[in-house]
$ cat final_17.cif   # mmCIF, C-alpha atoms and all ligand atoms
data_work
loop_
_atom_site.label_atom_id
_atom_site.label_comp_id
_atom_site.auth_asym_id
_atom_site.auth_seq_id
_atom_site.Cartn_x
_atom_site.Cartn_y
_atom_site.Cartn_z
CA MET A 23 4.60 84.68 183.79
CA ASN A 24 5.90 86.62 180.79
CA ASP A 25 9.11 84.60 180.72
CA PHE A 26 7.12 81.41 180.79
CA ASN A 27 5.00 82.62 177.85
CA ASN A 28 8.03 83.68 175.83
CA ASN A 29 9.80 80.38 176.49
CA SER A 30 6.81 78.35 175.43
CA LEU A 31 6.41 80.52 172.32
CA ASP A 32 10.07 79.93 171.40
CA LYS A 33 9.61 76.23 171.98
CA THR A 34 6.60 76.13 169.70
CA LEU A 35 8.52 78.01 167.03
CA ASP A 36 11.45 75.60 167.36
CA GLU A 37 9.10 72.65 166.98
CA LYS A 38 7.44 74.15 163.92
CA ILE A 39 10.78 74.91 162.30
CA LYS A 40 11.89 71.34 162.96
CA LYS A 41 8.64 69.91 161.57
CA THR A 42 8.94 72.09 158.43
CA ALA A 43 12.55 70.98 157.93
CA GLU A 44 11.54 67.33 158.27
CA LEU A 45 8.78 67.76 155.70
CA ILE A 46 11.27 69.39 153.32
CA LYS A 47 13.76 66.57 153.83
CA ASP A 48 11.08 63.95 153.10
CA SER A 49 9.57 65.71 150.06
CA LYS A 50 10.66 65.16 146.48
CA SER A 51 9.10 68.10 144.69
CA ILE A 52 8.86 71.35 146.64
CA VAL A 53 7.42 74.57 145.26
CA ALA A 54 7.39 77.98 146.98
CA LEU A 55 4.57 80.46 146.47
CA THR A 56 5.72 83.91 147.55
CA GLY A 57 4.01 87.25 148.05
CA ALA A 58 4.80 90.84 148.93
CA GLY A 59 5.65 89.89 152.55
CA MET A 60 8.78 88.24 151.15
CA SER A 61 10.24 91.65 150.32
CA THR A 62 9.14 93.90 153.21
CA GLU A 63 12.44 93.14 154.99
CA SER A 64 14.18 94.44 151.85
CA GLY A 65 12.33 97.73 152.36
CA ILE A 66 9.51 97.29 149.83
CA PRO A 67 6.08 97.81 151.43
CA ASP A 68 3.40 95.15 150.85
CA PHE A 69 -0.21 95.90 150.00
CA ARG A 70 -2.16 94.74 153.03
CA SER A 71 -0.08 94.89 156.24
CA PRO A 72 -1.90 97.05 158.82
CA GLY A 73 -0.23 100.47 159.14
CA THR A 74 2.37 100.01 156.39
CA GLY A 75 0.46 98.39 153.49
CA ILE A 76 0.20 100.50 150.34
CA TRP A 77 -3.58 100.04 150.09
CA GLU A 78 -4.05 102.02 153.33
CA LYS A 79 -2.60 105.04 151.54
CA ILE A 80 -3.95 104.89 147.99
CA ASP A 81 -7.00 103.71 146.11
CA PRO A 82 -5.91 100.62 144.12
CA MET A 83 -8.65 101.11 141.57
CA LYS A 84 -7.39 104.62 140.80
CA PHE A 85 -3.71 103.77 140.38
CA ALA A 86 -3.45 100.06 139.67
CA SER A 87 -6.42 99.18 137.49
CA ILE A 88 -6.02 98.70 133.77
CA ASP A 89 -9.03 100.93 133.01
CA SER A 90 -7.65 103.95 134.87
CA PHE A 91 -4.16 103.37 133.40
CA ILE A 92 -5.52 103.38 129.84
CA LYS A 93 -7.63 106.47 130.54
CA GLY A 94 -4.43 108.19 131.71
CA LEU A 95 -3.03 109.06 135.10
CA ASP A 96 -2.17 112.52 136.41
CA LEU A 97 1.64 112.60 136.11
CA ASP A 98 2.25 115.06 138.98
CA GLU A 99 -0.06 113.13 141.29
CA LEU A 100 1.72 109.90 140.36
CA ILE A 101 5.20 111.36 140.91
CA ASN A 102 4.15 112.61 144.38
CA LEU A 103 2.70 109.23 145.17
CA ILE A 104 5.82 107.38 144.05
CA SER A 105 8.01 109.51 146.29
CA ASP A 106 5.55 109.35 149.26
CA LEU A 107 5.36 105.58 149.14
CA ASP A 108 9.03 105.08 148.29
CA ILE A 109 8.01 102.84 145.38
CA THR A 110 11.38 103.36 143.70
CA SER A 111 12.79 101.11 146.46
CA ILE A 112 11.79 98.27 144.08
CA PHE A 113 14.75 99.23 141.87
CA THR A 114 17.33 99.72 144.60
CA SER A 115 16.44 96.97 147.08
CA GLU A 116 18.61 93.98 147.76
CA PRO A 117 17.51 90.43 148.55
CA ASN A 118 17.04 89.77 152.27
CA GLU A 119 17.86 86.69 154.36
CA GLY A 120 14.56 85.08 153.29
CA HIS A 121 15.36 85.37 149.55
CA LYS A 122 18.85 84.03 150.20
CA ALA A 123 17.48 81.07 152.20
CA LEU A 124 15.19 80.07 149.31
CA ALA A 125 18.09 80.33 146.87
CA GLU A 126 20.09 78.02 149.15
CA LEU A 127 17.20 75.55 149.23
CA GLU A 128 17.25 75.50 145.42
CA THR A 129 21.03 74.98 145.41
CA ILE A 130 20.73 71.90 147.62
CA ASN A 131 18.01 70.54 145.28
CA LYS A 132 15.22 71.02 147.78
CA LEU A 133 13.26 73.62 145.81
CA GLU A 134 11.97 72.92 142.33
CA GLY A 135 10.71 76.40 141.62
CA ILE A 136 9.23 79.61 142.95
CA ILE A 137 5.89 81.04 141.90
CA THR A 138 6.04 84.67 142.92
CA GLN A 139 3.41 87.39 142.95
CA ASN A 140 6.21 89.91 143.37
CA VAL A 141 7.35 92.16 140.56
CA ASP A 142 10.65 93.17 142.20
CA MET A 143 12.97 90.47 140.72
CA LEU A 144 14.61 89.91 144.13
CA HIS A 145 14.41 86.10 143.92
CA GLN A 146 16.50 86.19 140.74
CA LYS A 147 18.87 88.73 142.31
CA ALA A 148 19.35 86.27 145.20
CA GLY A 149 20.40 83.62 142.67
CA CYS A 150 17.17 81.61 142.17
CA LYS A 151 17.05 80.09 138.70
CA ASN A 152 13.50 78.85 138.33
CA VAL A 153 11.13 81.71 139.06
CA ILE A 154 7.63 82.06 137.63
CA GLU A 155 6.52 85.69 137.80
CA ILE A 156 2.78 85.21 137.85
CA HIS A 157 2.03 88.95 138.16
CA GLY A 158 4.76 89.97 135.71
CA SER A 159 7.78 92.09 136.58
CA MET A 160 9.07 95.65 136.54
CA LYS A 161 11.90 94.66 134.20
CA THR A 162 10.14 95.57 130.97
CA ALA A 163 7.13 97.33 129.43
CA SER A 164 5.23 96.52 126.23
CA CYS A 165 3.10 98.28 123.66
CA LEU A 166 -0.51 97.10 123.93
CA ARG A 167 -0.94 97.47 120.15
CA CYS A 168 2.26 96.22 118.42
CA ASN A 169 3.60 94.22 121.44
CA LYS A 170 7.05 95.82 121.15
CA LYS A 171 8.94 95.20 124.40
CA ILE A 172 11.23 97.81 125.94
CA GLU A 173 13.30 97.94 129.14
CA PHE A 174 11.59 99.62 132.11
CA ASP A 175 14.21 102.41 132.02
CA GLU A 176 13.09 103.26 128.49
CA PHE A 177 9.47 103.31 129.64
CA LEU A 178 10.40 105.87 132.32
CA ALA A 179 12.42 107.91 129.81
CA GLU A 180 9.44 107.94 127.39
CA THR A 181 7.11 108.99 130.22
CA ILE A 182 9.38 111.90 131.11
CA GLU A 183 9.92 112.92 127.50
CA GLN A 184 6.23 112.77 126.59
CA GLN A 185 5.18 114.17 130.01
CA LYS A 186 2.34 111.71 129.92
CA ILE A 187 1.37 108.43 131.50
CA PRO A 188 0.82 106.11 129.77
CA PRO A 189 3.37 107.12 127.12
CA LYS A 190 2.72 106.24 123.48
CA CYS A 191 4.69 103.86 121.29
CA PRO A 192 5.78 105.14 117.81
CA CYS A 193 2.95 102.90 116.42
CA GLY A 194 0.43 104.98 118.41
CA GLY A 195 -0.35 102.26 120.96
CA ILE A 196 -0.13 102.61 124.74
CA ILE A 197 3.03 101.39 126.48
CA LYS A 198 2.33 99.56 129.75
CA PRO A 199 4.71 98.08 132.34
CA ASP A 200 4.70 94.26 132.13
CA VAL A 201 3.01 93.90 135.51
CA VAL A 202 -0.54 92.65 135.93
CA PHE A 203 -2.97 95.45 136.74
CA PHE A 204 -6.35 94.97 138.42
CA GLY A 205 -8.83 93.94 135.75
CA GLU A 206 -6.19 92.21 133.60
CA MET A 207 -5.71 88.53 132.89
CA LEU A 208 -2.61 86.83 134.28
CA PRO A 209 0.09 85.88 131.73
CA LYS A 210 -1.26 82.59 130.30
CA LYS A 211 2.03 80.72 130.24
CA ALA A 212 2.98 81.71 133.80
CA LEU A 213 -0.46 80.68 135.07
CA SER A 214 -0.49 77.31 133.30
CA ARG A 215 3.07 76.52 134.47
CA SER A 216 2.09 77.47 138.04
CA ILE A 217 -0.95 75.19 137.95
CA GLU A 218 1.22 72.38 136.58
CA TYR A 219 3.88 72.84 139.29
CA VAL A 220 1.35 73.04 142.10
CA SER A 221 -0.60 70.01 140.85
CA ARG A 222 2.44 67.76 140.87
CA CYS A 223 4.43 69.04 143.85
CA ASP A 224 4.34 67.12 147.12
CA MET A 225 4.99 70.20 149.23
CA LEU A 226 3.93 73.82 148.85
CA LEU A 227 5.60 76.53 150.92
CA ALA A 228 3.35 79.61 150.98
CA ILE A 229 5.50 82.51 152.14
CA GLY A 230 4.64 86.16 152.80
CA SER A 231 1.28 86.22 151.11
CA SER A 232 -2.15 87.08 152.46
CA LEU A 233 -3.40 84.38 150.03
CA VAL A 234 -6.45 86.44 149.13
CA VAL A 235 -5.59 87.63 145.61
CA TYR A 236 -7.36 85.43 143.04
CA PRO A 237 -6.35 83.25 141.15
CA VAL A 238 -3.12 82.76 143.13
CA SER A 239 -5.26 82.29 146.23
CA SER A 240 -6.62 79.06 144.70
CA LEU A 241 -3.17 77.44 144.34
CA PRO A 242 -2.79 76.23 147.96
CA ARG A 243 -6.19 74.50 147.66
CA LEU A 244 -5.09 72.86 144.41
CA ALA A 245 -1.90 71.61 146.08
CA LYS A 246 -3.87 70.14 148.99
CA GLU A 247 -6.37 68.50 146.62
CA HIS A 248 -3.43 66.75 144.95
CA GLY A 249 -2.16 65.49 148.30
CA ALA A 250 0.72 67.95 148.86
CA LYS A 251 1.82 69.13 152.29
CA LEU A 252 1.18 72.81 152.90
CA VAL A 253 3.41 75.02 155.07
CA ILE A 254 2.55 78.69 155.59
CA ILE A 255 5.04 81.29 156.81
CA ASN A 256 3.37 84.67 157.31
CA ILE A 257 3.10 87.24 160.08
CA GLU A 258 -0.67 87.38 159.90
CA LYS A 259 -3.29 84.69 159.65
CA THR A 260 -4.35 83.51 156.18
CA PRO A 261 -7.55 81.82 154.99
CA TYR A 262 -5.58 78.55 154.66
CA ASP A 263 -4.19 78.35 158.20
CA ASN A 264 -6.80 75.79 159.27
CA VAL A 265 -5.90 73.30 156.50
CA ALA A 266 -2.11 73.76 156.52
CA ASP A 267 0.23 71.09 157.92
CA VAL A 268 2.39 73.73 159.60
CA VAL A 269 1.67 77.43 160.13
CA ILE A 270 4.42 79.74 161.33
CA HIS A 271 3.37 83.27 162.22
CA GLY A 272 6.80 84.87 162.15
CA LYS A 273 9.15 87.04 160.15
CA ILE A 274 10.44 85.37 157.00
CA GLY A 275 13.97 86.76 157.35
CA THR A 276 14.27 85.10 160.75
CA VAL A 277 12.29 81.90 160.18
CA LEU A 278 13.46 80.75 156.71
CA PRO A 279 17.23 80.75 157.39
CA ARG A 280 16.55 78.65 160.51
CA VAL A 281 14.45 76.21 158.47
CA VAL A 282 17.18 75.85 155.84
CA LYS A 283 19.88 75.40 158.49
CA GLU A 284 17.82 72.59 160.04
CA VAL A 285 17.23 70.95 156.61
CA LYS A 286 20.97 70.93 155.97
CA ARG A 287 21.59 69.42 159.42
CA LEU A 288 19.03 66.67 158.79
CA MET A 289 20.48 65.89 155.36
CA LYS A 290 24.07 65.41 156.60
P1 LIG A 301 -0.28 91.14 150.54
O1 LIG A 301 0.16 92.54 150.81
O2 LIG A 301 -1.72 90.89 150.34
O3 LIG A 301 0.17 90.22 151.79
C1 LIG A 301 1.45 90.24 152.31
C2 LIG A 301 1.45 89.37 153.56
O4 LIG A 301 2.78 89.28 154.00
C3 LIG A 301 0.62 89.94 154.72
O5 LIG A 301 -0.30 88.97 155.15
C4 LIG A 301 1.67 90.26 155.81
O6 LIG A 301 1.23 89.92 157.10
C5 LIG A 301 2.82 89.36 155.42
N1 LIG A 301 4.14 89.88 155.75
C6 LIG A 301 4.62 91.13 155.55
N2 LIG A 301 5.91 91.21 155.91
C7 LIG A 301 6.25 89.95 156.36
C8 LIG A 301 7.45 89.40 156.88
N3 LIG A 301 8.55 90.09 157.01
N4 LIG A 301 7.44 88.08 157.26
C9 LIG A 301 6.30 87.33 157.15
N5 LIG A 301 5.14 87.83 156.66
C10 LIG A 301 5.13 89.12 156.26
O7 LIG A 301 0.60 90.61 149.35
P2 LIG A 301 0.36 89.43 148.31
O8 LIG A 301 -0.32 88.29 148.97
O9 LIG A 301 1.63 89.24 147.60
O10 LIG A 301 -0.69 90.01 147.24
C11 LIG A 301 -0.75 91.33 146.85
C12 LIG A 301 -0.14 91.77 145.54
O11 LIG A 301 0.91 92.59 145.91
C13 LIG A 301 0.49 90.81 144.63
O12 LIG A 301 -0.27 90.83 143.48
C14 LIG A 301 1.87 91.41 144.29
O13 LIG A 301 2.00 91.48 142.90
C15 LIG A 301 1.80 92.78 144.80
N6 LIG A 301 2.95 93.46 145.43
C16 LIG A 301 4.23 93.11 145.12
C17 LIG A 301 5.29 93.75 145.75
C18 LIG A 301 6.69 93.36 145.38
O14 LIG A 301 6.95 93.01 144.23
N7 LIG A 301 7.60 93.35 146.35
C19 LIG A 301 5.05 94.75 146.70
C20 LIG A 301 3.72 95.11 146.97
C21 LIG A 301 2.68 94.44 146.33
#
$ encode --input "final_17.cif" --output "structure tokens"
Amino acid sequence: MNDFNNNSLDKTLDEKIKKTAELIKDSKSIVALTGAGMSTESGIPDFRSPGTGIWEKIDPMKFASIDSFIKGLDLDELINLISDLDITSIFTSEPNEGHKALAELETINKLEGIITQNVDMLHQKAGCKNVIEIHGSMKTASCLRCNKKIEFDEFLAETIEQQKIPPKCPCGGIIKPDVVFFGEMLPKKALSRSIEYVSRCDMLLAIGSSLVVYPVSSLPRLAKEHGAKLVIINIEKTPYDNVADVVIHGKIGTVLPRVVKEVKRLMK
């Protein structure tokens, strides 16, 4: 009985991979929308996965809201938290098979761009050229008063030297990592480019995102309203599963390379 179930599951997965590859082959403008699930196989925990998601361990409003950041965080508490959650993995992680598969899709002209909610820069590290970082990135930090931009390493050095988070800029303003905190607006240019891409693509690949964080969560609806095909690859269900053209509940690092292999076979 179990064997029968496993076989039929494999068959369904094969069919879904094939269908996704056919849609990719037939589409002219494909955009990927990626979330934290894209990088869990590189060792970076996501926010919402049961058991491993960061939000099960910390209060997001205490550590990731702009109001609490400006008020000031307890440095010792933050250092303990960073080591408990292995957050520094963001700086040492390498792209996984999923990142590499998307880069390959771009190379064969089957991916126009990636809109990512991730701040880990792994798409670029995998070789992707056109990446919109809609929630910013951990590459730099900026002064909220004079807008001076510094590398993230300098931000860390200032934090250690001043023994204070947030550290102060020489102008007296607060220096903040260039990632979007809760309660902040998204970078205007990244948001408007994302809306433009999604409105004119004919296929949206939503990968490794719970699709619940607004306003990114509205992008799949926008794509559908403009007639695009929607494919979702995510371990868990998402609020868009019932309107998607294909839904694959599987691991990105396993599924995406198989999709790309099939696309290349179809395009021969
Ligand atoms: P999320 O945590 O809400 O959802 C991640 C989804 O990915 C979950 O539904 C989970 O089931 C799925 N998933 C996890 N591992 C997977 C895998 N290997 N294969 C397939 N699916 C997998 O993340 P989100 O939707 O991106 O939104 C939350 C916020 O998290 C974003 O704003 C993002 O900025 C931030 N974030 C980024 C990173 C990063 O840069 N790597 C890490 C944690 C959180």
$ closest_residue --input "final_17.cif" --among "A:Cys223, A:Leu124, A:Leu241, A:Met160" --to "Phe174 in chain A" --atoms "only C-alpha atoms"
A:Met160
$ closest_residue --input "final_17.cif" --among "A:Val141, A:Val268, A:Leu103, A:Met207" --to "Thr42 in chain A" --atoms "all atoms listed in the file"
A:Val268
$ atom_distance --input "final_17.cif" --atom1 "CA of Ile136 in chain A" --atom2 "CA of Pro117 in chain A"
14.7 Å
$ atom_distance --input "final_17.cif" --atom1 "atom O4 of ligand LIG 301 (chain A)" --atom2 "CA of Leu95 in chain A"
28.0 Å
$ closest_residue --input "final_17.cif" --among "A:Ala58, A:Leu208, A:Leu133, A:Leu252" --to "ligand LIG 301 (chain A)" --atoms "all atoms listed in the file"
A:Ala58
$ residues_near_ligand --input "final_17.cif" --ligand "ligand LIG 301 (chain A)" --cutoff "8 Å" --atoms "only C-alpha atoms and all ligand atoms" --output "VMD selection string"
chain A and resid 56 to 63 66 to 72 75 to 76 112 138 to 143 157 to 159 201 to 202 229 to 235 255 to 260 271 to 275
$ closest_residue --input "final_17.cif" --among "A:Leu278, A:Ala54, A:Ile156, A:Ala250" --to "Pro237 in chain A" --atoms "all atoms listed in the file"
A:Ile156
$ atom_distance --input "final_17.cif" --atom1 "CA of Lys286 in chain A" --atom2 "CA of Pro242 in chain A"
25.6 Å
$ closest_residue --input "final_17.cif" --among "A:Asp175, A:Glu183, A:Asp81, A:Glu126" --to "Lys283 in chain A" --atoms "all atoms listed in the file"
A:Glu126
$ closest_residue --input "final_17.cif" --among "A:Pro188, A:Gly73, A:Gly149, A:Gly135" --to "Phe85 in chain A" --atoms "all atoms listed in the file"
A:Pro188
$ residues_around --input "final_17.cif" --residues "Ser90 in chain A" --least-positions-apart "4" --cutoff "12 Å" --atoms "only C-alpha atoms" --output "list of chain:residue names"
A:Asp81, A:Pro82, A:Met83, A:Lys84, A:Phe85, A:Ala86, A:Gly94, A:Leu95, A:Asp96, A:Ile187, A:Pro188, A:Phe203, A:Phe204, A:Gly205, A:Glu206
$ write_last_selection --input "final_17.cif" --atoms "C-alpha atoms" --output "tab-separated table (two decimals), keeping the file's coordinate frame"
chain	number	residue	atom	x	y	z
A	81	ASP	CA	-7.00	103.71	146.11
A	82	PRO	CA	-5.91	100.62	144.12
A	83	MET	CA	-8.65	101.11	141.57
A	84	LYS	CA	-7.39	104.62	140.80
A	85	PHE	CA	-3.71	103.77	140.38
A	86	ALA	CA	-3.45	100.06	139.67
A	94	GLY	CA	-4.43	108.19	131.71
A	95	LEU	CA	-3.03	109.06	135.10
A	96	ASP	CA	-2.17	112.52	136.41
A	187	ILE	CA	1.37	108.43	131.50
A	188	PRO	CA	0.82	106.11	129.77
A	203	PHE	CA	-2.97	95.45	136.74
A	204	PHE	CA	-6.35	94.97	138.42
A	205	GLY	CA	-8.83	93.94	135.75
A	206	GLU	CA	-6.19	92.21	133.60
$ residues_around --input "final_17.cif" --residues "Asn169 in chain A" --least-positions-apart "4" --cutoff "9 Å" --atoms "all atoms listed in the file" --output "list of chain:residue names"
A:Ser164, A:Cys165, A:Gly195, A:Ile197
$ decode --input "final_17.cif" --residues "range 50-123 of chain A" --atoms "C-alpha atoms" --output "PDB file, in the first residue's frame"
ATOM      1  CA  LYS A  50       8.202  34.739 -23.160  1.00  0.00           C
ATOM      2  CA  SER A  51       8.652  36.739 -19.983  1.00  0.00           C
ATOM      3  CA  ILE A  52       9.222  34.780 -16.790  1.00  0.00           C
ATOM      4  CA  VAL A  53       9.771  36.337 -13.381  1.00  0.00           C
ATOM      5  CA  ALA A  54      10.655  34.518 -10.150  1.00  0.00           C
ATOM      6  CA  LEU A  55       9.445  35.721  -6.764  1.00  0.00           C
ATOM      7  CA  THR A  56      11.550  34.142  -4.041  1.00  0.00           C
ATOM      8  CA  GLY A  57      11.348  33.991  -0.261  1.00  0.00           C
ATOM      9  CA  ALA A  58      13.270  32.707   2.723  1.00  0.00           C
ATOM     10  CA  GLY A  59      12.513  29.061   1.799  1.00  0.00           C
ATOM     11  CA  MET A  60      14.909  29.535  -1.115  1.00  0.00           C
ATOM     12  CA  SER A  61      17.850  29.668   1.298  1.00  0.00           C
ATOM     13  CA  THR A  62      16.981  27.137   4.019  1.00  0.00           C
ATOM     14  CA  GLU A  63      18.951  24.476   2.098  1.00  0.00           C
ATOM     15  CA  SER A  64      21.934  26.851   2.302  1.00  0.00           C
ATOM     16  CA  GLY A  65      21.582  26.739   6.092  1.00  0.00           C
ATOM     17  CA  ILE A  66      19.741  30.034   6.666  1.00  0.00           C
ATOM     18  CA  PRO A  67      16.549  29.531   8.699  1.00  0.00           C
ATOM     19  CA  ASP A  68      13.315  31.058   7.368  1.00  0.00           C
ATOM     20  CA  PHE A  69      10.793  32.928   9.489  1.00  0.00           C
ATOM     21  CA  ARG A  70       7.729  30.720   9.490  1.00  0.00           C
ATOM     22  CA  SER A  71       8.600  27.017   9.008  1.00  0.00           C
ATOM     23  CA  PRO A  72       7.177  24.999  11.925  1.00  0.00           C
ATOM     24  CA  GLY A  73       9.948  23.988  14.352  1.00  0.00           C
ATOM     25  CA  THR A  74      12.807  25.828  12.638  1.00  0.00           C
ATOM     26  CA  GLY A  75      11.369  29.258  11.735  1.00  0.00           C
ATOM     27  CA  ILE A  76      12.984  32.213  13.502  1.00  0.00           C
ATOM     28  CA  TRP A  77       9.634  33.634  14.647  1.00  0.00           C
ATOM     29  CA  GLU A  78       9.087  30.589  16.896  1.00  0.00           C
ATOM     30  CA  LYS A  79      12.143  31.668  18.878  1.00  0.00           C
ATOM     31  CA  ILE A  80      11.987  35.460  19.022  1.00  0.00           C
ATOM     32  CA  ASP A  81       9.456  38.253  19.085  1.00  0.00           C
ATOM     33  CA  PRO A  82       9.683  39.984  15.667  1.00  0.00           C
ATOM     34  CA  MET A  83       8.312  43.227  17.056  1.00  0.00           C
ATOM     35  CA  LYS A  84      11.101  43.358  19.644  1.00  0.00           C
ATOM     36  CA  PHE A  85      14.017  42.684  17.310  1.00  0.00           C
ATOM     37  CA  ALA A  86      12.889  43.494  13.791  1.00  0.00           C
ATOM     38  CA  SER A  87      10.641  46.531  14.058  1.00  0.00           C
ATOM     39  CA  ILE A  88      11.897  49.967  13.164  1.00  0.00           C
ATOM     40  CA  ASP A  89      10.494  51.480  16.379  1.00  0.00           C
ATOM     41  CA  SER A  90      12.388  49.114  18.679  1.00  0.00           C
ATOM     42  CA  PHE A  91      15.567  49.474  16.583  1.00  0.00           C
ATOM     43  CA  ILE A  92      15.480  53.273  16.876  1.00  0.00           C
ATOM     44  CA  LYS A  93      14.769  53.075  20.613  1.00  0.00           C
ATOM     45  CA  GLY A  94      17.878  50.884  20.920  1.00  0.00           C
ATOM     46  CA  LEU A  95      18.417  47.183  21.399  1.00  0.00           C
ATOM     47  CA  ASP A  96      20.221  45.478  24.268  1.00  0.00           C
ATOM     48  CA  LEU A  97      23.598  44.594  22.725  1.00  0.00           C
ATOM     49  CA  ASP A  98      24.298  41.534  24.924  1.00  0.00           C
ATOM     50  CA  GLU A  99      20.807  40.156  24.328  1.00  0.00           C
ATOM     51  CA  LEU A 100      21.250  40.688  20.590  1.00  0.00           C
ATOM     52  CA  ILE A 101      24.674  39.013  20.495  1.00  0.00           C
ATOM     53  CA  ASN A 102      23.259  35.959  22.345  1.00  0.00           C
ATOM     54  CA  LEU A 103      20.353  35.851  19.955  1.00  0.00           C
ATOM     55  CA  ILE A 104      22.584  36.072  16.880  1.00  0.00           C
ATOM     56  CA  SER A 105      24.680  33.143  18.070  1.00  0.00           C
ATOM     57  CA  ASP A 106      21.616  31.081  19.196  1.00  0.00           C
ATOM     58  CA  LEU A 107      19.893  31.478  15.847  1.00  0.00           C
ATOM     59  CA  ASP A 108      23.079  31.193  13.799  1.00  0.00           C
ATOM     60  CA  ILE A 109      22.143  34.402  11.963  1.00  0.00           C
ATOM     61  CA  THR A 110      25.756  34.931  10.894  1.00  0.00           C
ATOM     62  CA  SER A 111      25.174  32.009   8.488  1.00  0.00           C
ATOM     63  CA  ILE A 112      23.839  34.740   6.152  1.00  0.00           C
ATOM     64  CA  PHE A 113      27.440  35.879   5.602  1.00  0.00           C
ATOM     65  CA  THR A 114      29.037  32.463   5.187  1.00  0.00           C
ATOM     66  CA  SER A 115      26.371  30.546   3.260  1.00  0.00           C
ATOM     67  CA  GLU A 116      26.762  29.402  -0.294  1.00  0.00           C
ATOM     68  CA  PRO A 117      24.086  29.200  -2.983  1.00  0.00           C
ATOM     69  CA  ASN A 118      22.284  25.853  -3.086  1.00  0.00           C
ATOM     70  CA  GLU A 119      21.057  23.793  -6.054  1.00  0.00           C
ATOM     71  CA  GLY A 120      17.886  25.913  -6.218  1.00  0.00           C
ATOM     72  CA  HIS A 121      19.811  29.202  -6.583  1.00  0.00           C
ATOM     73  CA  LYS A 122      22.036  27.596  -9.206  1.00  0.00           C
ATOM     74  CA  ALA A 123      19.014  26.287 -11.157  1.00  0.00           C
TER      75      ALA A 123
END
